[in-house]
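Presented below is the structure to which this report refers.
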Amino acid sequence: MADMPRLFKATAEIAMASPDKVMLRLCTRFSEFGEVSGHGRCRRIETGFGAADVEDCGHCLRICAAGSDEVALAYVKLAMAEHLLKLADEPPAIVWRGDSMAGAPLPYFREMRVKRAVAVTPRMRRLTLAGDDLHRFASGGYHVRLLIPRRRGMASCWPVMGEDGRPLWPAGKDRPDARIYTLRRVDPAAGEVDIDFVLHDHDRTPGARFASEARPGDIVGMTGPGGGALPKADWVLLLGDETALPAISRILAELPAAATAVVRIEIAGEAERQPLSTAAQLDLRWLCRAAHGPGRLVDALGEIEWPEDGRSVFAWAGCEFEDFRAIRRHLRDDRGLKRDEHLAVAYWRRGFAGDDAREE
Ligand SMILES: Cc1cc2nc3c(=O)[nH]c(=O)nc-3n(C[C@H](O)[C@H](O)[C@H](O)COP(=O)(O)OP(=O)(O)OC[C@H]3O[C@@H](n4cnc5c(N)ncnc54)[C@H](O)[C@@H]3O)c2cc1C
């Protein structure tokens, strides 16, 4: 008989006042983007990375997390911890025992070194980053979190695995700033990735500043990948601004010839256009803010002709928060798209930095 693949596992017994209520809240939350099964005191949550068996033990929640490798396990532990800390009435003490112990380097972290920097367009700069063991970054999602040292040339100080499964960050000024970016290209054999940075007007912000000042040899941390794969569909709608161009490029490159892609991209001006290649039937329009002002993505969405011949559809959007909200409302309420037929994400938010852009 063939050997069973090894599962990486960890367990936490988390004391709390009402484990039954918290378990229900946890299951409701995960049923929005994962699979939840079981009944009574025992539930199984499939997170997309791995699984968590959750048991209401009366005085505590017992969670057994499992994944096919160290990264998958770390993501399950992280997802459980982040949601429990939000959903419990009092923040519970979470201590995982098992594989991948506290204090160890994060298995999904790589230290990267800037290899090249080139201008793609006047407002987009491409950095090639070099690092070891990048195979994990070629699949399982397009996105990474860059950990940007607060000063150029600053000695690297990276987070480690915390006992609750979340990263334990260095204190004070040693803590790097985290910003999410898309891997425009991944070449594990060459040990490099490309990231395209928008040089937006707030160029003293951590991400845009790092991109504009980076020189070969500069160090940056990288965690990931995340975001998962998009479901297959016959007809795909892609909406985004410059920040979503790297993701749209990768999605288009992976579509088969039989698919139709309707793509609307808002850019600052004509000089920001980029060549896009796909095997799919492509209906592409660039929407220039210089000519028409902002908010064109939402207008363009109202003008889309949706297929009415039974083809499967998927709509995807990545853009500023206000546009994201209007687009998601239209897709859900006006078009009635189901959960597995659309994905809209706020890539950034005017007046909000980093992850605050996505808090609703
Ligand atoms: C899944 C995902 C993938 C992403 N991929 C990319 C990518 O490949 N390339 C990329 O450039 N960005 C990408 N982004 C967006 C990027 O994370 C944000 O733009 C981020 O805010 C940039 O960090 P910052 O330090 O420059 O600005 P922050 O410190 O985060 O923000 C400070 C202020 O700058 C302004 N600001 C931020 N971003 C922009 C912008 N794009 N245009 C105008 N003003 C802005 C806002 O007013 C904000 O209040 C992605 C975001 C997500 C969620």
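To be explicit about the labels: the chains of the structure tokens are called A, B, and onward in the order shown, and within each one the residues are counted from 1, while ligands get numbers from 1 in the order they are shown.
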
Listing only residues of stretch 145-226 of chain A within 12 Å of stretch 263-278 of chain A, what is the closest atom pair and its distance in Å (to one decimal) for each, using only C-alpha atoms, sorted by chain and residue number ascending, as JSON lines?
```
{"residue": "A:Asp196", "atom": "CA", "partner": "A:Gln274", "partner_atom": "CA", "distance": 11.7}
{"residue": "A:Val198", "atom": "CA", "partner": "A:Glu272", "partner_atom": "CA", "distance": 10.3}
{"residue": "A:Leu199", "atom": "CA", "partner": "A:Ala268", "partner_atom": "CA", "distance": 11.3}
{"residue": "A:His200", "atom": "CA", "partner": "A:Ala268", "partner_atom": "CA", "distance": 10.0}
{"residue": "A:Asp201", "atom": "CA", "partner": "A:Ala268", "partner_atom": "CA", "distance": 11.1}
```

Expected selection as a list in words for ligand 1 within 6 Å, only C-alpha atoms and all ligand atoms: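 So the residues close to ligand 1 are His143, Arg179, Ile180, Tyr181, Thr182, Asp196, Phe197, Val198, His200, Asp201, His202, Thr205, Pro206, Gly207, Ala208, Thr243, Ala244, Pro246, Tyr347, Trp348, Arg349, Arg350, Gly351, Phe352, Ala353 and Gly354 of chain A.
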
Applying 12 Å and only C-alpha atoms, which residues near A:Ser68 remain after dropping the ones on its own chain fewer than 2 positions away? List them as a list in words.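 The contact residues come out as Met4, Pro5, Arg6, Leu7, Phe8, Lys9, Gly48, Phe49, Gly50, Ala51, Ala65, Ala66, Glu70, Val71, Ala72, Leu73, Ala74, Tyr75, Val76 and Asp99 of chain A.
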
Residues flagged strand (DSSP E or B) by DSSP in stretch 13-103 of chain A, as a PyMOL selection string: chain A and resi 13-15+35-39+42-46+50-56+60-67+97-98

Could those selected residues go to a file with C-alpha atoms, as a tab-separated table (two decimals), in the first residue's frame?
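Resulting contents of selection.tsv:
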```tsv
chain	number	residue	atom	x	y	z
A	13	GLU	CA	-7.63	24.11	23.76
A	14	ILE	CA	-9.02	27.59	24.14
A	15	ALA	CA	-10.83	28.41	27.40
A	35	GLU	CA	-16.84	24.81	3.59
A	36	VAL	CA	-18.38	23.94	6.95
A	37	SER	CA	-19.76	20.49	7.83
A	38	GLY	CA	-20.77	18.49	10.94
A	39	HIS	CA	-23.35	19.13	13.59
A	42	CYS	CA	-18.28	18.97	16.39
A	43	ARG	CA	-17.72	20.88	13.14
A	44	ARG	CA	-15.16	20.70	10.36
A	45	ILE	CA	-14.06	23.89	8.63
A	46	GLU	CA	-12.24	23.58	5.27
A	50	GLY	CA	-6.34	22.93	5.11
A	51	ALA	CA	-8.94	21.90	7.67
A	52	ALA	CA	-9.83	22.64	11.28
A	53	ASP	CA	-11.88	20.24	13.44
A	54	VAL	CA	-13.64	22.34	16.08
A	55	GLU	CA	-15.21	20.82	19.19
A	56	ASP	CA	-17.29	22.57	21.84
A	60	CYS	CA	-13.33	25.48	25.97
A	61	LEU	CA	-13.09	25.15	22.20
A	62	ARG	CA	-10.76	22.39	21.09
A	63	ILE	CA	-9.37	23.00	17.61
A	64	CYS	CA	-7.28	20.49	15.64
A	65	ALA	CA	-5.72	22.21	12.61
A	66	ALA	CA	-4.17	20.24	9.75
A	67	GLY	CA	-2.48	21.04	6.44
A	97	ARG	CA	0.83	22.66	20.32
A	98	GLY	CA	2.17	20.41	17.59
```

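Nearest residue to A:Lys232 among A:Glu303, A:Asp309, A:Asp20, A:Glu254 is A:Glu254, counting only C-alpha atoms.
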
Go through stretch 10-190 of chain A and collect every residue that DSSP, computed from the backbone, puts in helix (DSSP H, G or I); the answer should be as a PyMOL selection string. chain A and resi 19-30+70-87+135-138+172-174

So that I have them on file, write out the residues from the current selection with N, CA and C atoms, as an mmCIF file, in the first residue's frame.
```
data_model
loop_
_atom_site.group_PDB
_atom_site.id
_atom_site.type_symbol
_atom_site.label_atom_id
_atom_site.label_comp_id
_atom_site.auth_asym_id
_atom_site.auth_seq_id
_atom_site.Cartn_x
_atom_site.Cartn_y
_atom_site.Cartn_z
ATOM 1 N N PRO A 19 -18.354 28.613 24.536
ATOM 2 C CA PRO A 19 -17.764 28.033 23.318
ATOM 3 C C PRO A 19 -18.806 27.687 22.256
ATOM 4 N N ASP A 20 -20.044 27.337 22.701
ATOM 5 C CA ASP A 20 -21.094 26.994 21.717
ATOM 6 C C ASP A 20 -21.398 28.177 20.801
ATOM 7 N N LYS A 21 -21.543 29.368 21.419
ATOM 8 C CA LYS A 21 -21.867 30.560 20.627
ATOM 9 C C LYS A 21 -20.706 30.925 19.710
ATOM 10 N N VAL A 22 -19.484 30.853 20.267
ATOM 11 C CA VAL A 22 -18.319 31.258 19.460
ATOM 12 C C VAL A 22 -18.118 30.274 18.298
ATOM 13 N N MET A 23 -18.368 28.968 18.553
ATOM 14 C CA MET A 23 -18.233 27.990 17.473
ATOM 15 C C MET A 23 -19.226 28.300 16.351
ATOM 16 N N LEU A 24 -20.450 28.645 16.722
ATOM 17 C CA LEU A 24 -21.460 28.978 15.698
ATOM 18 C C LEU A 24 -21.049 30.204 14.890
ATOM 19 N N ARG A 25 -20.532 31.234 15.618
ATOM 20 C CA ARG A 25 -20.102 32.451 14.912
ATOM 21 C C ARG A 25 -18.952 32.124 13.958
ATOM 22 N N LEU A 26 -18.032 31.275 14.435
ATOM 23 C CA LEU A 26 -16.870 30.892 13.607
ATOM 24 C C LEU A 26 -17.345 30.176 12.342
ATOM 25 N N CYS A 27 -18.298 29.252 12.512
ATOM 26 C CA CYS A 27 -18.803 28.481 11.361
ATOM 27 C C CYS A 27 -19.547 29.399 10.392
ATOM 28 N N THR A 28 -20.347 30.318 10.924
ATOM 29 C CA THR A 28 -21.078 31.251 10.055
ATOM 30 C C THR A 28 -20.086 32.087 9.256
ATOM 31 N N ARG A 29 -19.040 32.563 9.940
ATOM 32 C CA ARG A 29 -18.036 33.406 9.266
ATOM 33 C C ARG A 29 -17.363 32.614 8.146
ATOM 34 N N PHE A 30 -16.929 31.377 8.444
ATOM 35 C CA PHE A 30 -16.191 30.609 7.434
ATOM 36 C C PHE A 30 -17.090 30.102 6.316
ATOM 37 N N GLU A 70 3.861 22.692 5.968
ATOM 38 C CA GLU A 70 3.986 23.652 7.074
ATOM 39 C C GLU A 70 3.264 24.957 6.786
ATOM 40 N N VAL A 71 3.293 25.370 5.488
ATOM 41 C CA VAL A 71 2.653 26.641 5.133
ATOM 42 C C VAL A 71 1.137 26.518 5.278
ATOM 43 N N ALA A 72 0.584 25.410 4.768
ATOM 44 C CA ALA A 72 -0.866 25.210 4.848
ATOM 45 C C ALA A 72 -1.311 25.196 6.311
ATOM 46 N N LEU A 73 -0.574 24.480 7.167
ATOM 47 C CA LEU A 73 -0.922 24.435 8.591
ATOM 48 C C LEU A 73 -0.849 25.842 9.198
ATOM 49 N N ALA A 74 0.209 26.574 8.859
ATOM 50 C CA ALA A 74 0.375 27.917 9.435
ATOM 51 C C ALA A 74 -0.797 28.813 9.033
ATOM 52 N N TYR A 75 -1.266 28.691 7.794
ATOM 53 C CA TYR A 75 -2.399 29.514 7.343
ATOM 54 C C TYR A 75 -3.696 29.132 8.069
ATOM 55 N N VAL A 76 -3.893 27.836 8.335
ATOM 56 C CA VAL A 76 -5.109 27.422 9.057
ATOM 57 C C VAL A 76 -5.067 27.987 10.484
ATOM 58 N N LYS A 77 -3.909 27.856 11.144
ATOM 59 C CA LYS A 77 -3.782 28.383 12.511
ATOM 60 C C LYS A 77 -4.013 29.896 12.534
ATOM 61 N N LEU A 78 -3.440 30.568 11.560
ATOM 62 C CA LEU A 78 -3.572 32.026 11.482
ATOM 63 C C LEU A 78 -5.036 32.436 11.286
ATOM 64 N N ALA A 79 -5.716 31.756 10.364
ATOM 65 C CA ALA A 79 -7.115 32.101 10.081
ATOM 66 C C ALA A 79 -7.975 31.860 11.319
ATOM 67 N N MET A 80 -7.753 30.728 12.006
ATOM 68 C CA MET A 80 -8.536 30.431 13.213
ATOM 69 C C MET A 80 -8.302 31.504 14.274
ATOM 70 N N ALA A 81 -7.026 31.837 14.512
ATOM 71 C CA ALA A 81 -6.694 32.801 15.568
ATOM 72 C C ALA A 81 -7.302 34.166 15.246
ATOM 73 N N GLU A 82 -7.135 34.635 14.002
ATOM 74 C CA GLU A 82 -7.624 35.983 13.674
ATOM 75 C C GLU A 82 -9.139 36.071 13.837
ATOM 76 N N HIS A 83 -9.850 35.032 13.414
ATOM 77 C CA HIS A 83 -11.311 35.089 13.518
ATOM 78 C C HIS A 83 -11.777 34.907 14.961
ATOM 79 N N LEU A 84 -11.123 34.005 15.712
ATOM 80 C CA LEU A 84 -11.529 33.825 17.114
ATOM 81 C C LEU A 84 -11.350 35.107 17.912
ATOM 82 N N LEU A 85 -10.237 35.805 17.650
ATOM 83 C CA LEU A 85 -9.980 37.030 18.403
ATOM 84 C C LEU A 85 -11.027 38.092 18.096
ATOM 85 N N LYS A 86 -11.596 38.045 16.893
ATOM 86 C CA LYS A 86 -12.660 39.013 16.563
ATOM 87 C C LYS A 86 -14.025 38.546 17.072
ATOM 88 N N LEU A 87 -14.250 37.225 17.095
ATOM 89 C CA LEU A 87 -15.612 36.728 17.320
ATOM 90 C C LEU A 87 -15.938 36.409 18.780
ATOM 91 N N HIS A 135 9.427 28.133 -5.010
ATOM 92 C CA HIS A 135 8.454 27.260 -5.693
ATOM 93 C C HIS A 135 7.046 27.450 -5.139
ATOM 94 N N ARG A 136 6.943 27.635 -3.828
ATOM 95 C CA ARG A 136 5.628 27.788 -3.182
ATOM 96 C C ARG A 136 4.873 29.007 -3.716
ATOM 97 N N PHE A 137 5.613 29.985 -4.291
ATOM 98 C CA PHE A 137 4.990 31.238 -4.725
ATOM 99 C C PHE A 137 4.473 31.180 -6.161
ATOM 100 N N ALA A 138 4.720 30.050 -6.847
ATOM 101 C CA ALA A 138 4.290 29.940 -8.244
ATOM 102 C C ALA A 138 2.841 29.491 -8.353
ATOM 103 N N GLY A 172 8.237 48.470 18.045
ATOM 104 C CA GLY A 172 8.605 49.853 17.742
ATOM 105 C C GLY A 172 9.062 50.069 16.314
ATOM 106 N N LYS A 173 10.159 50.850 16.184
ATOM 107 C CA LYS A 173 10.623 51.249 14.846
ATOM 108 C C LYS A 173 11.215 50.089 14.059
ATOM 109 N N ASP A 174 11.506 48.965 14.747
ATOM 110 C CA ASP A 174 12.054 47.803 14.029
ATOM 111 C C ASP A 174 10.986 47.093 13.223
#
```

Compare A:Trp158, A:Phe210, A:Trp169, A:Tyr142 by their minimum atom-to-atom distance to A:Val186, counting only C-alpha atoms, and give me the closest one.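 When distances to A:Val186 are compared using only C-alpha atoms, the smallest one comes from A:Tyr142.
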
Within 7 Å of A:Leu237, counting only C-alpha atoms, which residues show up once you throw out same-chain ones fewer than 2 positions away? Write them as a PyMOL selection string, please. chain A and resi 235+239+261-263+314-316
